[in-house]
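Participant: Got a structure for you, questions after.
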Amino acid sequence: DIQMTQSPSSLSASVGDRVTITCRASQSINSNLNWYQQKPGKAPNLLIYVASSLQSGVPSRFSGSGSGTDFTLTISSLQPEDFATYYCQQSYSIPITFGQGTRLEIK
Amino acid sequence: DVQLVESGGGLVQPGGSLRLSCVASGCAFSSYWMSWVRQAPGKGLEWVANIKQDGSEKYYVDSVKGRFTISRDYAKNSLYLQMDSLRAEDTAVYYCARNGMSGQRWFDCWGRGTLVTVSS
């Protein structure tokens, strides 16, 4: 199974900050990496697919990059509604696996 | 605006069975692979199983193989998860999720989830 490791596990930031979350795969997954945002008590919401494609309806302040084993999710200017938990997920092979999550909190 | 609606969760004893259902109400269903993803209380996301549009291919995470069965009813626009021999570690919110177009293994439409609690 492919292991996905996110860093940091938690992060404190302020509105307007630029934030980067990283995700590392235990083997190369090409560009088969997706990002989700989850707010408490809600289902996850797809933000980015195939590493850098922005899902329809997602604000352009979200962007993704990377390939192979190392990936990043960047939020260019944090908004109050962005405080949530973020997960990466590999879609390269079965079983599909997720990172452990990064909790983004208000400083 | 809910697009997938799960039902069937509840409290069950270890070793018991439960059948989850998911009905599509606002996102297209029949032309897509579908999946179940679960989340234990306070924990991260875990993919459980997926199924091809016509039901001819099914895949499972190792921890549920032989115990869980995914199925779908094309005519009813419904997805199911039959869960047998349940264990305490199966306690989670179970989400129904639609795979991306052409069988892509990301999830672009989700339900609100249904809670399964396995406890005596």
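Chain labels follow the order of the structure tokens: the first chain is A, the next B, and so on; residue numbering restarts at 1 in every chain, and ligands are counted from 1 in their shown order.
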Could you build a table of the residues in chain A lying no more than 10 Å from chain B, giving for each the nearest pair of atoms and their separation in Å rounded to one decimal place, using only C-alpha atoms, ordered by chain and ascending residue number, as CSV?
Facilitator:
```
residue,atom,partner,partner_atom,distance
A:Asp1,CA,B:Val61,CA,9.8
A:Asn32,CA,B:Arg105,CA,8.7
A:Leu33,CA,B:Trp106,CA,8.5
A:Asn34,CA,B:Trp106,CA,6.7
A:Trp35,CA,B:Trp106,CA,9.0
A:Tyr36,CA,B:Phe107,CA,9.1
A:Pro40,CA,B:Gly42,CA,9.9
A:Gly41,CA,B:Arg112,CA,8.6
A:Lys42,CA,B:Arg112,CA,6.5
A:Ala43,CA,B:Arg112,CA,5.6
A:Pro44,CA,B:Trp110,CA,7.3
A:Asn45,CA,B:Asp108,CA,7.2
A:Leu46,CA,B:Asp108,CA,5.7
A:Leu47,CA,B:Asp108,CA,8.9
A:Ile48,CA,B:Trp106,CA,9.5
A:Tyr49,CA,B:Trp106,CA,7.0
A:Val50,CA,B:Trp106,CA,8.7
A:Gln55,CA,B:Asp108,CA,8.3
A:Ser56,CA,B:Asp108,CA,9.7
A:Thr85,CA,B:Gly44,CA,9.6
A:Tyr86,CA,B:Gly44,CA,9.9
A:Tyr87,CA,B:Leu45,CA,8.1
A:Cys88,CA,B:Leu45,CA,9.8
A:Gln89,CA,B:Trp106,CA,7.9
A:Gln90,CA,B:Arg105,CA,8.2
A:Ser91,CA,B:Arg105,CA,4.9
A:Tyr92,CA,B:Arg105,CA,7.8
A:Ser93,CA,B:Arg105,CA,8.6
A:Ile94,CA,B:Tyr59,CA,7.7
A:Pro95,CA,B:Val61,CA,5.7
A:Ile96,CA,B:Trp47,CA,6.0
A:Thr97,CA,B:Trp47,CA,6.5
A:Phe98,CA,B:Leu45,CA,6.3
A:Gly99,CA,B:Gly44,CA,7.7
A:Gln100,CA,B:Gly44,CA,5.6
A:Gly101,CA,B:Gly44,CA,6.4
A:Thr102,CA,B:Gly44,CA,9.8
```
Participant: Can those selected residues be exported to a file as a JSON list (two decimals), in the first residue's frame so that it contains N, CA and C atoms?
Facilitator:
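The new file selection37.json reads:
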```json
[["chain", "number", "residue", "atom", "x", "y", "z"],
["A", 1, "ASP", "N", 0.84, -1.19, 0.00],
["A", 1, "ASP", "CA", 0.00, 0.00, 0.00],
["A", 1, "ASP", "C", 0.88, 1.25, 0.00],
["A", 32, "ASN", "N", -0.94, 11.70, -9.56],
["A", 32, "ASN", "CA", -2.21, 11.17, -9.08],
["A", 32, "ASN", "C", -2.45, 11.52, -7.61],
["A", 33, "LEU", "N", -2.55, 12.83, -7.36],
["A", 33, "LEU", "CA", -2.68, 13.33, -6.00],
["A", 33, "LEU", "C", -3.82, 14.34, -5.95],
["A", 34, "ASN", "N", -4.65, 14.21, -4.94],
["A", 34, "ASN", "CA", -5.83, 15.06, -4.80],
["A", 34, "ASN", "C", -5.88, 15.65, -3.40],
["A", 35, "TRP", "N", -6.52, 16.81, -3.29],
["A", 35, "TRP", "CA", -6.63, 17.50, -2.00],
["A", 35, "TRP", "C", -8.09, 17.77, -1.65],
["A", 36, "TYR", "N", -8.40, 17.62, -0.36],
["A", 36, "TYR", "CA", -9.75, 17.85, 0.14],
["A", 36, "TYR", "C", -9.69, 18.78, 1.35],
["A", 40, "PRO", "N", -15.62, 20.70, 10.43],
["A", 40, "PRO", "CA", -16.21, 19.83, 11.46],
["A", 40, "PRO", "C", -17.66, 19.46, 11.18],
["A", 41, "GLY", "N", -17.94, 18.17, 11.25],
["A", 41, "GLY", "CA", -19.29, 17.68, 11.06],
["A", 41, "GLY", "C", -19.77, 17.64, 9.61],
["A", 42, "LYS", "N", -18.86, 17.93, 8.69],
["A", 42, "LYS", "CA", -19.22, 17.97, 7.27],
["A", 42, "LYS", "C", -18.43, 16.94, 6.48],
["A", 43, "ALA", "N", -18.93, 16.64, 5.29],
["A", 43, "ALA", "CA", -18.20, 15.75, 4.39],
["A", 43, "ALA", "C", -17.00, 16.49, 3.80],
["A", 44, "PRO", "N", -15.99, 15.76, 3.37],
["A", 44, "PRO", "CA", -14.87, 16.40, 2.66],
["A", 44, "PRO", "C", -15.35, 17.05, 1.36],
["A", 45, "ASN", "N", -14.57, 18.02, 0.91],
["A", 45, "ASN", "CA", -14.87, 18.73, -0.33],
["A", 45, "ASN", "C", -13.62, 18.72, -1.20],
["A", 46, "LEU", "N", -13.76, 18.27, -2.43],
["A", 46, "LEU", "CA", -12.61, 18.20, -3.34],
["A", 46, "LEU", "C", -12.15, 19.59, -3.74],
["A", 47, "LEU", "N", -10.87, 19.86, -3.55],
["A", 47, "LEU", "CA", -10.28, 21.15, -3.93],
["A", 47, "LEU", "C", -9.47, 21.06, -5.22],
["A", 48, "ILE", "N", -8.56, 20.10, -5.24],
["A", 48, "ILE", "CA", -7.57, 19.96, -6.31],
["A", 48, "ILE", "C", -7.52, 18.49, -6.71],
["A", 49, "TYR", "N", -7.46, 18.22, -8.03],
["A", 49, "TYR", "CA", -7.28, 16.86, -8.49],
["A", 49, "TYR", "C", -6.11, 16.81, -9.48],
["A", 50, "VAL", "N", -5.57, 15.64, -9.65],
["A", 50, "VAL", "CA", -4.33, 15.40, -10.42],
["A", 50, "VAL", "C", -3.31, 16.50, -10.16],
["A", 55, "GLN", "N", -10.73, 22.17, -8.81],
["A", 55, "GLN", "CA", -12.10, 21.70, -8.98],
["A", 55, "GLN", "C", -13.03, 22.89, -9.20],
["A", 56, "SER", "N", -14.04, 22.68, -10.03],
["A", 56, "SER", "CA", -15.02, 23.72, -10.32],
["A", 56, "SER", "C", -15.63, 24.28, -9.04],
["A", 85, "THR", "N", -9.68, 21.19, 8.20],
["A", 85, "THR", "CA", -8.67, 20.14, 8.07],
["A", 85, "THR", "C", -8.52, 19.78, 6.60],
["A", 86, "TYR", "N", -7.29, 19.61, 6.17],
["A", 86, "TYR", "CA", -6.98, 19.31, 4.77],
["A", 86, "TYR", "C", -6.35, 17.92, 4.66],
["A", 87, "TYR", "N", -6.80, 17.19, 3.65],
["A", 87, "TYR", "CA", -6.29, 15.84, 3.41],
["A", 87, "TYR", "C", -5.78, 15.70, 1.99],
["A", 88, "CYS", "N", -4.65, 15.03, 1.85],
["A", 88, "CYS", "CA", -4.23, 14.61, 0.52],
["A", 88, "CYS", "C", -4.66, 13.15, 0.32],
["A", 89, "GLN", "N", -4.74, 12.75, -0.94],
["A", 89, "GLN", "CA", -5.20, 11.40, -1.27],
["A", 89, "GLN", "C", -4.55, 10.95, -2.57],
["A", 90, "GLN", "N", -4.01, 9.75, -2.58],
["A", 90, "GLN", "CA", -3.41, 9.25, -3.82],
["A", 90, "GLN", "C", -4.44, 8.41, -4.58],
["A", 91, "SER", "N", -4.48, 8.63, -5.89],
["A", 91, "SER", "CA", -5.39, 7.90, -6.76],
["A", 91, "SER", "C", -4.61, 7.06, -7.76],
["A", 92, "TYR", "N", -3.37, 6.76, -7.43],
["A", 92, "TYR", "CA", -2.50, 6.00, -8.34],
["A", 92, "TYR", "C", -2.84, 4.52, -8.34],
["A", 93, "SER", "N", -3.12, 3.98, -7.15],
["A", 93, "SER", "CA", -3.36, 2.54, -7.07],
["A", 93, "SER", "C", -4.32, 2.20, -5.93],
["A", 94, "ILE", "N", -4.88, 1.02, -6.05],
["A", 94, "ILE", "CA", -5.74, 0.46, -5.01],
["A", 94, "ILE", "C", -4.86, -0.28, -3.99],
["A", 95, "PRO", "N", -5.01, -0.11, -2.68],
["A", 95, "PRO", "CA", -6.07, 0.69, -2.07],
["A", 95, "PRO", "C", -5.80, 2.19, -2.14],
["A", 96, "ILE", "N", -6.83, 2.95, -2.39],
["A", 96, "ILE", "CA", -6.75, 4.40, -2.32],
["A", 96, "ILE", "C", -6.43, 4.77, -0.89],
["A", 97, "THR", "N", -5.48, 5.68, -0.70],
["A", 97, "THR", "CA", -5.08, 6.04, 0.65],
["A", 97, "THR", "C", -5.02, 7.56, 0.80],
["A", 98, "PHE", "N", -5.26, 7.99, 2.04],
["A", 98, "PHE", "CA", -5.26, 9.40, 2.40],
["A", 98, "PHE", "C", -4.10, 9.70, 3.34],
["A", 99, "GLY", "N", -3.69, 10.97, 3.35],
["A", 99, "GLY", "CA", -2.81, 11.42, 4.40],
["A", 99, "GLY", "C", -3.57, 11.53, 5.71],
["A", 100, "GLN", "N", -2.84, 11.78, 6.78],
["A", 100, "GLN", "CA", -3.46, 11.79, 8.11],
["A", 100, "GLN", "C", -4.20, 13.09, 8.41],
["A", 101, "GLY", "N", -4.02, 14.08, 7.54],
["A", 101, "GLY", "CA", -4.72, 15.35, 7.72],
["A", 101, "GLY", "C", -3.83, 16.43, 8.30],
["A", 102, "THR", "N", -4.13, 17.67, 7.92],
["A", 102, "THR", "CA", -3.47, 18.87, 8.49],
["A", 102, "THR", "C", -4.56, 19.79, 8.98]]
```
Participant: Among chain B, which ones does DSSP assign to helix (DSSP H, G or I) (computed from the backbone)? Answer as a count of residues only.
Facilitator: 9
Participant: Expressed in Å to a single decimal, how great is the separation between CA of Ser9 in chain A and CA of Gln37 in chain A?
Facilitator: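 Interatomic distance, CA of Ser9 in chain A to CA of Gln37 in chain A: 14.1 Å.
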Participant: Give the strand (DSSP E or B) residues of chain B, as DSSP finds them on the backbone, and put them as a PyMOL selection string.
Facilitator: chain B and resi 4-7+10-12+18-24+34-39+45-51+58-60+68-73+78-83+92-99+107-111+114-118
Participant: Pick out the residues sitting within 6 Å of Leu104 in chain A, and hand them over as a VMD selection string; count only C-alpha atoms, and ignore anything fewer than 2 positions along from it in its own chain.
Facilitator: chain A and resid 10 to 12 83 to 85
Participant: Within 7 Å of Gly16 in chain A, counting only C-alpha atoms, which residues qualify if same-chain residues fewer than 3 places away don't, as a PDB file with N, CA, C and O atoms, in the first residue's frame?
Facilitator:
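Final output, around.pdb:
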```pdb
ATOM      1  N   SER A  77      -3.926  33.488   0.255  1.00  0.00           N
ATOM      2  CA  SER A  77      -4.321  34.500   1.229  1.00  0.00           C
ATOM      3  C   SER A  77      -5.492  33.939   2.025  1.00  0.00           C
ATOM      4  O   SER A  77      -6.629  33.918   1.547  1.00  0.00           O
ATOM      5  N   LEU A  78      -5.183  33.481   3.237  1.00  0.00           N
ATOM      6  CA  LEU A  78      -6.187  32.792   4.034  1.00  0.00           C
ATOM      7  C   LEU A  78      -7.425  33.648   4.305  1.00  0.00           C
ATOM      8  O   LEU A  78      -7.314  34.826   4.661  1.00  0.00           O
ATOM      9  N   GLN A  79      -8.562  33.017   4.134  1.00  0.00           N
ATOM     10  CA  GLN A  79      -9.836  33.645   4.467  1.00  0.00           C
ATOM     11  C   GLN A  79     -10.442  32.935   5.678  1.00  0.00           C
ATOM     12  O   GLN A  79     -10.090  31.786   5.973  1.00  0.00           O
TER      13      GLN A  79
END
```
Participant: If we count only C-alpha atoms and set the cut-off at 10 Å, which residues sit around Gly55 in chain B, ignoring sequence neighbours fewer than 5 positions away in its own chain? Please answer as a ChimeraX atom specification.
Facilitator: /B:33-34,50,70-74
Participant: How far is it from CA of Thr74 in chain A to CA of Gly57 in chain A, in Å with one decimal?
Facilitator: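 Computed distance, CA of Thr74 in chain A to CA of Gly57 in chain A, equals 16.7 Å.
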Participant: Go through A:Ser60, A:Asn30, A:Ser53, A:Thr22 one by one, measure the shortest atom-to-atom distance of each to Leu73 in chain A using only C-alpha atoms, and give the residue with the smallest value.
Facilitator: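 Residue with the minimum atom-to-atom distance to Leu73 in chain A: A:Thr22.
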Participant: Counting only C-alpha atoms, figure out which residue out of A:Pro80, A:Ala25, A:Gln38, A:Thr20 gets nearest to Ser63 in chain A.
Facilitator: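 Once distances to Ser63 in chain A are computed over only C-alpha atoms, the minimum belongs to A:Thr20.
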Participant: Please measure the separation of CA of Glu89 in chain B and CA of Leu4 in chain B, giving the value in Å to one decimal.
Facilitator: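 If I compute the distance from CA of Glu89 in chain B to CA of Leu4 in chain B, I get 24.9 Å.
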Participant: Extract, using only C-alpha atoms, all DNA, RNA and protein residues at most 8 Å from Gly9 in chain B, discarding same-chain residues fewer than 2 positions from it, and format them as a JSON list (two decimals) with N, CA and C atoms, in the first residue's frame.
Facilitator:
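Output below, filename out13.json:
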```
[["chain", "number", "residue", "atom", "x", "y", "z"],
["B", 7, "SER", "N", -28.11, 6.22, 4.35],
["B", 7, "SER", "CA", -28.99, 5.78, 5.44],
["B", 7, "SER", "C", -28.57, 4.39, 5.87],
["B", 11, "LEU", "N", -26.52, 1.52, 15.83],
["B", 11, "LEU", "CA", -25.76, 0.77, 16.82],
["B", 11, "LEU", "C", -25.94, -0.72, 16.57],
["B", 18, "LEU", "N", -25.07, -4.97, 9.19],
["B", 18, "LEU", "CA", -25.76, -3.73, 8.88],
["B", 18, "LEU", "C", -25.68, -3.51, 7.38],
["B", 19, "ARG", "N", -26.71, -2.92, 6.81],
["B", 19, "ARG", "CA", -26.67, -2.60, 5.38],
["B", 19, "ARG", "C", -26.88, -1.11, 5.20],
["B", 20, "LEU", "N", -25.88, -0.47, 4.62],
["B", 20, "LEU", "CA", -25.96, 0.96, 4.33],
["B", 20, "LEU", "C", -26.49, 1.17, 2.91],
["B", 114, "THR", "N", -23.33, 8.52, 7.34],
["B", 114, "THR", "CA", -24.19, 7.85, 8.30],
["B", 114, "THR", "C", -23.29, 7.16, 9.32],
["B", 115, "LEU", "N", -23.64, 7.30, 10.59],
["B", 115, "LEU", "CA", -22.78, 6.81, 11.67],
["B", 115, "LEU", "C", -23.08, 5.35, 11.99],
["B", 116, "VAL", "N", -22.03, 4.55, 11.99],
["B", 116, "VAL", "CA", -22.12, 3.16, 12.40],
["B", 116, "VAL", "C", -21.34, 2.99, 13.70],
["B", 117, "THR", "N", -22.00, 2.48, 14.71],
["B", 117, "THR", "CA", -21.35, 2.25, 16.01],
["B", 117, "THR", "C", -21.43, 0.77, 16.33]]
```
Participant: Which residue gives the smallest distance to Gly15 in chain B among B:Leu86, B:Met101, B:Ala75, B:Val64, with only C-alpha atoms counted?
Facilitator: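 For Gly15 in chain B, the nearest of the given residues is B:Leu86.
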